[in-house]
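Remarks on the structure that follows.
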Amino acid sequence: MAPRTLGLGAVTLTVLPSSAVSERRSPPPAGRPGPASYHVALYSGELAIHDSSLAWAAATGREGCFLAHVRLPKALLPLPRERADRLVGRRLPAGEGIAALVANVLVALASDSRPPRPADAARLGTVVLELITALFAHELELELEDESGHPPVRGSLLPRVQGFIRSRLGDPGLCPDSVAAAHGISTRHLYKVFQEHGLTVAAWIRQSRLERCRRDLGDPAQCSRPVHAVAARWGFADGAHFSRAFRAAYGMPPQEYRLRTHGHTDRRPCHAPRPPATPGNRPPAVPGNPPYAERVNNRAGIANDTPARDRQARTRSTADPHHEP
């Protein structure tokens with residue numbers, strides 16, 4: 001089986017069959033490096049996380065199994081870069097939990113020999129990105145629990161508050177005071193609940209809104225929805241503030257994110273149709289307006305009255321029997 005590369009929007013899946021060799025190596029990029037990206041490789045029942053800027057090696061295991069790896073730009077991962085980088089080099093068992101979901105999706109995509117339609121490919125890329133984001137977030141949360149020495153209490157106030165916030169992200173008036181009042185606690189106590197988990201209320205609301213906007217911008221089915229409408233849907237009343245917050249969170253403006261996740265190479269918004277081709281950049285004909293050539297003739301003083309010319313021709317033919325029409 002020959003190597004295959006499958007483009008899923010901004011995400012790339014590569015399927016490489018193994019051979020009798022026990023290890024494959026990826027050297028550091030030579031020359032001008034490309035965009036920083038993570039590689040999540042599946043082989044021998046494990047998921048391994050690599051960095052495109054570093055050399056990495058992967059044992060492919062027994063002969064006949066395949067090596068599949070996903071490349072996704074770091075800028076698209078909605079997690080702090082310094083925290084996500086801590087997972088580079090880690091190997092995770094692919095038989096349980098979120099890692100098993102990621103592995104099953106990669107196996108299904110790698111096993112299908114039929115390339116998906118472009119719109120479906122972009123959607124599948126969003127699914128893969130969401131799963132890998134969940135995998136990274138899960139591992140980082142476990143890491144924080146190990147550092148603190150105690151996991152969050154099951155059924156505590158924080159999950160209920162976060163669920164309440166998620167259900168009202170589209171409300172521009174959502175704020176710590178309104179959240180605290182809805183749960184019958186003081187705003188100060190609400191701050192303490194979030195601080196115990198290394199979070200702040202306002203930052204968590206903002207990040208949750210940005211994450212919903214990021215999902216909508218990456219969805220081809222919502223390609224015709226303007227960026228400012230996506231922002232307003234999730235509670236951002238100020239478009240300029242939304243653009244600044246999105247760039248700070250994901251390293252690029254929202255419109256550029258939309259183009260990259262949909263696989264566009266030009267700067268034209270995906271919802272804007274290309275202008276119709278008109279010879280010589282002439283404006284297209286508009287109902288009620290004469291054609292372009294007729295308007296030019298009229299400005300030059302040339303009559304363009306077809307009925308008048310017909311009447312003149314009939315008059316000449318009647319007056320002159322030798323006239324040939």
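Convention: chains lettered A, B, ... in structure tokens order; per-chain residue numbering from 1; ligands numbered from 1 as shown.
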May I have the residues within 12 Å of His189 in chain A as a ChimeraX atom specification, using only C-alpha atoms and disregarding those fewer than 6 positions away in the same chain?
/A:157-158,176-177,179-181,183,195-196,200-201
Output the selection as a PDB file, in the first residue's frame - N, CA and C atoms for each residue.
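And here's out_27.pdb as it stands now:
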```pdb
ATOM      1  N   LEU A 157     -19.897  22.692  42.874  1.00  0.00           N
ATOM      2  CA  LEU A 157     -20.575  23.855  42.319  1.00  0.00           C
ATOM      3  C   LEU A 157     -20.022  24.242  40.953  1.00  0.00           C
ATOM      4  N   LEU A 158     -18.735  24.054  40.751  1.00  0.00           N
ATOM      5  CA  LEU A 158     -18.114  24.528  39.509  1.00  0.00           C
ATOM      6  C   LEU A 158     -18.759  23.949  38.255  1.00  0.00           C
ATOM      7  N   PRO A 176     -20.093  37.939  35.872  1.00  0.00           N
ATOM      8  CA  PRO A 176     -19.981  37.258  37.166  1.00  0.00           C
ATOM      9  C   PRO A 176     -21.122  37.581  38.127  1.00  0.00           C
ATOM     10  N   ASP A 177     -21.566  38.831  38.143  1.00  0.00           N
ATOM     11  CA  ASP A 177     -22.654  39.189  39.062  1.00  0.00           C
ATOM     12  C   ASP A 177     -23.939  38.430  38.744  1.00  0.00           C
ATOM     13  N   VAL A 179     -24.230  35.593  37.122  1.00  0.00           N
ATOM     14  CA  VAL A 179     -24.024  34.162  37.368  1.00  0.00           C
ATOM     15  C   VAL A 179     -24.155  33.866  38.853  1.00  0.00           C
ATOM     16  N   ALA A 180     -23.538  34.701  39.688  1.00  0.00           N
ATOM     17  CA  ALA A 180     -23.610  34.491  41.131  1.00  0.00           C
ATOM     18  C   ALA A 180     -25.045  34.612  41.628  1.00  0.00           C
ATOM     19  N   ALA A 181     -25.779  35.613  41.141  1.00  0.00           N
ATOM     20  CA  ALA A 181     -27.158  35.812  41.576  1.00  0.00           C
ATOM     21  C   ALA A 181     -28.040  34.627  41.200  1.00  0.00           C
ATOM     22  N   HIS A 183     -27.240  31.596  41.158  1.00  0.00           N
ATOM     23  CA  HIS A 183     -26.948  30.431  41.986  1.00  0.00           C
ATOM     24  C   HIS A 183     -27.058  30.739  43.480  1.00  0.00           C
ATOM     25  N   GLN A 195     -11.166  30.254  41.397  1.00  0.00           N
ATOM     26  CA  GLN A 195      -9.752  30.371  41.743  1.00  0.00           C
ATOM     27  C   GLN A 195      -9.187  29.069  42.282  1.00  0.00           C
ATOM     28  N   GLU A 196     -10.016  28.264  42.930  1.00  0.00           N
ATOM     29  CA  GLU A 196      -9.554  26.970  43.434  1.00  0.00           C
ATOM     30  C   GLU A 196      -9.111  26.043  42.321  1.00  0.00           C
ATOM     31  N   THR A 200     -10.474  32.139  36.278  1.00  0.00           N
ATOM     32  CA  THR A 200     -11.223  33.342  36.621  1.00  0.00           C
ATOM     33  C   THR A 200     -12.543  33.312  35.869  1.00  0.00           C
ATOM     34  N   VAL A 201     -13.572  33.898  36.464  1.00  0.00           N
ATOM     35  CA  VAL A 201     -14.913  33.812  35.880  1.00  0.00           C
ATOM     36  C   VAL A 201     -14.968  34.508  34.523  1.00  0.00           C
TER      37      VAL A 201
END
```
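CA of Tyr250 in chain A is positioned 5.3 Å from CA of Ala75 in chain A.
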So that I can see what lies close to Val230 in chain A, please list as a VMD selection string the residues with an atom at most 7 Å from it, counting only C-alpha atoms and leaving out residues fewer than 4 positions away in the same chain.
chain A and resid 213 216 225 to 226 234
Write out as a ChimeraX atom specification all residues of range 45-252 of chain A that DSSP puts in strand (DSSP E or B) for this structure's backbone.
/A:46-51,56-58,66-73,91-93
Residue subset to file, keeping N, CA, C and O atoms, as a PDB file, in the first residue's frame:
```
ATOM      1  N   GLU A  46      -0.792   2.916  20.330  1.00  0.00           N
ATOM      2  CA  GLU A  46      -0.422   4.099  21.088  1.00  0.00           C
ATOM      3  C   GLU A  46      -0.642   5.357  20.263  1.00  0.00           C
ATOM      4  O   GLU A  46      -0.579   5.322  19.022  1.00  0.00           O
ATOM      5  N   LEU A  47      -0.893   6.449  20.953  1.00  0.00           N
ATOM      6  CA  LEU A  47      -0.893   7.771  20.343  1.00  0.00           C
ATOM      7  C   LEU A  47       0.327   8.524  20.867  1.00  0.00           C
ATOM      8  O   LEU A  47       0.538   8.589  22.084  1.00  0.00           O
ATOM      9  N   ALA A  48       1.110   9.058  19.981  1.00  0.00           N
ATOM     10  CA  ALA A  48       2.306   9.814  20.365  1.00  0.00           C
ATOM     11  C   ALA A  48       2.169  11.239  19.871  1.00  0.00           C
ATOM     12  O   ALA A  48       1.705  11.484  18.756  1.00  0.00           O
ATOM     13  N   ILE A  49       2.568  12.189  20.698  1.00  0.00           N
ATOM     14  CA  ILE A  49       2.454  13.615  20.385  1.00  0.00           C
ATOM     15  C   ILE A  49       3.838  14.149  20.068  1.00  0.00           C
ATOM     16  O   ILE A  49       4.773  14.020  20.873  1.00  0.00           O
ATOM     17  N   HIS A  50       3.967  14.765  18.895  1.00  0.00           N
ATOM     18  CA  HIS A  50       5.258  15.283  18.432  1.00  0.00           C
ATOM     19  C   HIS A  50       5.114  16.751  18.036  1.00  0.00           C
ATOM     20  O   HIS A  50       4.005  17.275  17.875  1.00  0.00           O
ATOM     21  N   ASP A  51       6.261  17.376  17.863  1.00  0.00           N
ATOM     22  CA  ASP A  51       6.341  18.781  17.448  1.00  0.00           C
ATOM     23  C   ASP A  51       7.043  18.828  16.094  1.00  0.00           C
ATOM     24  O   ASP A  51       8.088  18.198  15.913  1.00  0.00           O
ATOM     25  N   TRP A  56      11.729  13.447  15.742  1.00  0.00           N
ATOM     26  CA  TRP A  56      11.010  12.458  16.527  1.00  0.00           C
ATOM     27  C   TRP A  56      11.116  11.104  15.869  1.00  0.00           C
ATOM     28  O   TRP A  56      11.328  10.978  14.668  1.00  0.00           O
ATOM     29  N   ALA A  57      10.995  10.066  16.697  1.00  0.00           N
ATOM     30  CA  ALA A  57      11.088   8.697  16.224  1.00  0.00           C
ATOM     31  C   ALA A  57       9.871   7.929  16.705  1.00  0.00           C
ATOM     32  O   ALA A  57       9.340   8.182  17.782  1.00  0.00           O
ATOM     33  N   ALA A  58       9.408   6.986  15.893  1.00  0.00           N
ATOM     34  CA  ALA A  58       8.233   6.193  16.236  1.00  0.00           C
ATOM     35  C   ALA A  58       8.470   4.744  15.877  1.00  0.00           C
ATOM     36  O   ALA A  58       8.821   4.438  14.742  1.00  0.00           O
ATOM     37  N   PHE A  66      -0.125  -0.117  10.083  1.00  0.00           N
ATOM     38  CA  PHE A  66       0.122   1.167   9.430  1.00  0.00           C
ATOM     39  C   PHE A  66       0.425   2.250  10.449  1.00  0.00           C
ATOM     40  O   PHE A  66       0.068   2.150  11.625  1.00  0.00           O
ATOM     41  N   LEU A  67       1.099   3.247   9.988  1.00  0.00           N
ATOM     42  CA  LEU A  67       1.388   4.424  10.783  1.00  0.00           C
ATOM     43  C   LEU A  67       0.537   5.558  10.239  1.00  0.00           C
ATOM     44  O   LEU A  67       0.624   5.903   9.065  1.00  0.00           O
ATOM     45  N   ALA A  68      -0.316   6.131  11.075  1.00  0.00           N
ATOM     46  CA  ALA A  68      -1.158   7.250  10.671  1.00  0.00           C
ATOM     47  C   ALA A  68      -0.843   8.417  11.595  1.00  0.00           C
ATOM     48  O   ALA A  68      -0.762   8.241  12.815  1.00  0.00           O
ATOM     49  N   HIS A  69      -0.635   9.578  11.014  1.00  0.00           N
ATOM     50  CA  HIS A  69      -0.418  10.728  11.888  1.00  0.00           C
ATOM     51  C   HIS A  69      -1.154  11.939  11.340  1.00  0.00           C
ATOM     52  O   HIS A  69      -1.320  12.117  10.137  1.00  0.00           O
ATOM     53  N   VAL A  70      -1.604  12.745  12.278  1.00  0.00           N
ATOM     54  CA  VAL A  70      -2.355  13.961  11.976  1.00  0.00           C
ATOM     55  C   VAL A  70      -1.452  15.156  12.240  1.00  0.00           C
ATOM     56  O   VAL A  70      -0.781  15.220  13.275  1.00  0.00           O
ATOM     57  N   ARG A  71      -1.435  16.082  11.307  1.00  0.00           N
ATOM     58  CA  ARG A  71      -0.712  17.339  11.504  1.00  0.00           C
ATOM     59  C   ARG A  71      -1.727  18.463  11.602  1.00  0.00           C
ATOM     60  O   ARG A  71      -2.580  18.620  10.742  1.00  0.00           O
ATOM     61  N   LEU A  72      -1.646  19.246  12.675  1.00  0.00           N
ATOM     62  CA  LEU A  72      -2.543  20.386  12.831  1.00  0.00           C
ATOM     63  C   LEU A  72      -1.742  21.587  13.307  1.00  0.00           C
ATOM     64  O   LEU A  72      -0.871  21.452  14.180  1.00  0.00           O
ATOM     65  N   PRO A  73      -1.976  22.773  12.725  1.00  0.00           N
ATOM     66  CA  PRO A  73      -1.245  23.977  13.149  1.00  0.00           C
ATOM     67  C   PRO A  73      -1.476  24.264  14.625  1.00  0.00           C
ATOM     68  O   PRO A  73      -2.588  24.154  15.135  1.00  0.00           O
ATOM     69  N   ARG A  91       3.487   9.579  25.170  1.00  0.00           N
ATOM     70  CA  ARG A  91       2.811   8.463  24.507  1.00  0.00           C
ATOM     71  C   ARG A  91       1.637   8.026  25.358  1.00  0.00           C
ATOM     72  O   ARG A  91       1.765   7.834  26.574  1.00  0.00           O
ATOM     73  N   LEU A  92       0.481   7.868  24.729  1.00  0.00           N
ATOM     74  CA  LEU A  92      -0.757   7.568  25.444  1.00  0.00           C
ATOM     75  C   LEU A  92      -1.349   6.264  24.938  1.00  0.00           C
ATOM     76  O   LEU A  92      -1.413   6.041  23.723  1.00  0.00           O
ATOM     77  N   PRO A  93      -1.790   5.385  25.818  1.00  0.00           N
ATOM     78  CA  PRO A  93      -2.477   4.151  25.365  1.00  0.00           C
ATOM     79  C   PRO A  93      -3.734   4.512  24.585  1.00  0.00           C
ATOM     80  O   PRO A  93      -4.532   5.352  25.017  1.00  0.00           O
TER      81      PRO A  93
END
```
At a cut-off of 10 Å, using only C-alpha atoms, what residues contact Ala202 in chain A? Leave out same-chain residues fewer than 2 positions from it and give the result as a PyMOL selection string.
chain A and resi 174-176+191+199-200+204-208
Would you export the selected residues with N, CA and C atoms as a short mmCIF file (atom, residue, chain, number, x, y, z; two decimals), in the first residue's frame, please?
```cif
data_model
loop_
_atom_site.label_atom_id
_atom_site.label_comp_id
_atom_site.auth_asym_id
_atom_site.auth_seq_id
_atom_site.Cartn_x
_atom_site.Cartn_y
_atom_site.Cartn_z
N LEU A 174 -24.32 38.57 30.18
CA LEU A 174 -23.78 37.54 31.07
C LEU A 174 -22.49 38.05 31.73
N CYS A 175 -22.43 38.00 33.06
CA CYS A 175 -21.27 38.51 33.79
C CYS A 175 -21.20 37.79 35.13
N PRO A 176 -20.09 37.94 35.87
CA PRO A 176 -19.98 37.26 37.17
C PRO A 176 -21.12 37.58 38.13
N TYR A 191 -15.97 33.87 42.66
CA TYR A 191 -14.56 34.04 42.31
C TYR A 191 -13.70 32.97 42.99
N LEU A 199 -8.76 29.27 37.70
CA LEU A 199 -9.54 29.96 36.68
C LEU A 199 -10.06 31.28 37.21
N THR A 200 -10.47 32.14 36.28
CA THR A 200 -11.22 33.34 36.62
C THR A 200 -12.54 33.31 35.87
N TRP A 204 -13.06 32.73 31.80
CA TRP A 204 -13.69 31.48 31.38
C TRP A 204 -14.88 31.76 30.47
N ILE A 205 -15.67 32.80 30.78
CA ILE A 205 -16.78 33.19 29.92
C ILE A 205 -16.26 33.61 28.54
N ARG A 206 -15.22 34.44 28.53
CA ARG A 206 -14.67 34.92 27.26
C ARG A 206 -14.13 33.76 26.43
N GLN A 207 -13.38 32.84 27.06
CA GLN A 207 -12.81 31.72 26.33
C GLN A 207 -13.90 30.80 25.80
N SER A 208 -14.97 30.60 26.57
CA SER A 208 -16.07 29.75 26.11
C SER A 208 -16.76 30.37 24.91
#
```
With distances taken over only C-alpha atoms, which residue among A:Leu135, A:Arg81, A:Arg114, A:Val161 lies nearest Ala248 in chain A?
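Nearest candidate to Ala248 in chain A out of A:Leu135, A:Arg81, A:Arg114, A:Val161: A:Arg81.
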Between CA of Ala121 in chain A and CA of Gly7 in chain A - distance in Å to one decimal
7.0 Å
Distance criterion (only C-alpha atoms): nearest to Asp219 in chain A out of A:Asp171, A:Asp120, A:Glu143, A:Asp238
A:Asp120
Distance query Met252 in chain A at most 12 Å, only C-alpha atoms, self and fewer than 6 positions along chain excluded, as JSON, numbers by chain:
{"A": [73, 74, 75, 76, 77, 78, 214, 242, 243, 244, 245, 246, 258, 259, 260, 261]}
Interatomic distance between CA of Glu211 in chain A and CA of Ile132 in chain A?
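Straight-line distance from CA of Glu211 in chain A to CA of Ile132 in chain A works out to 14.4 Å.
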With only C-alpha atoms as the basis for distance, which of A:Ala10, A:Ser53, A:Ala36, A:Ala203 is at the shortest distance from Glu256 in chain A?
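Among A:Ala10, A:Ser53, A:Ala36, A:Ala203, it is A:Ala10 that comes nearest to Glu256 in chain A.
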Compare A:Leu79, A:Leu54, A:Ala110, A:Val105 by their minimum atom-to-atom distance to Pro3 in chain A, counting only C-alpha atoms, and give me the closest one.
A:Ala110
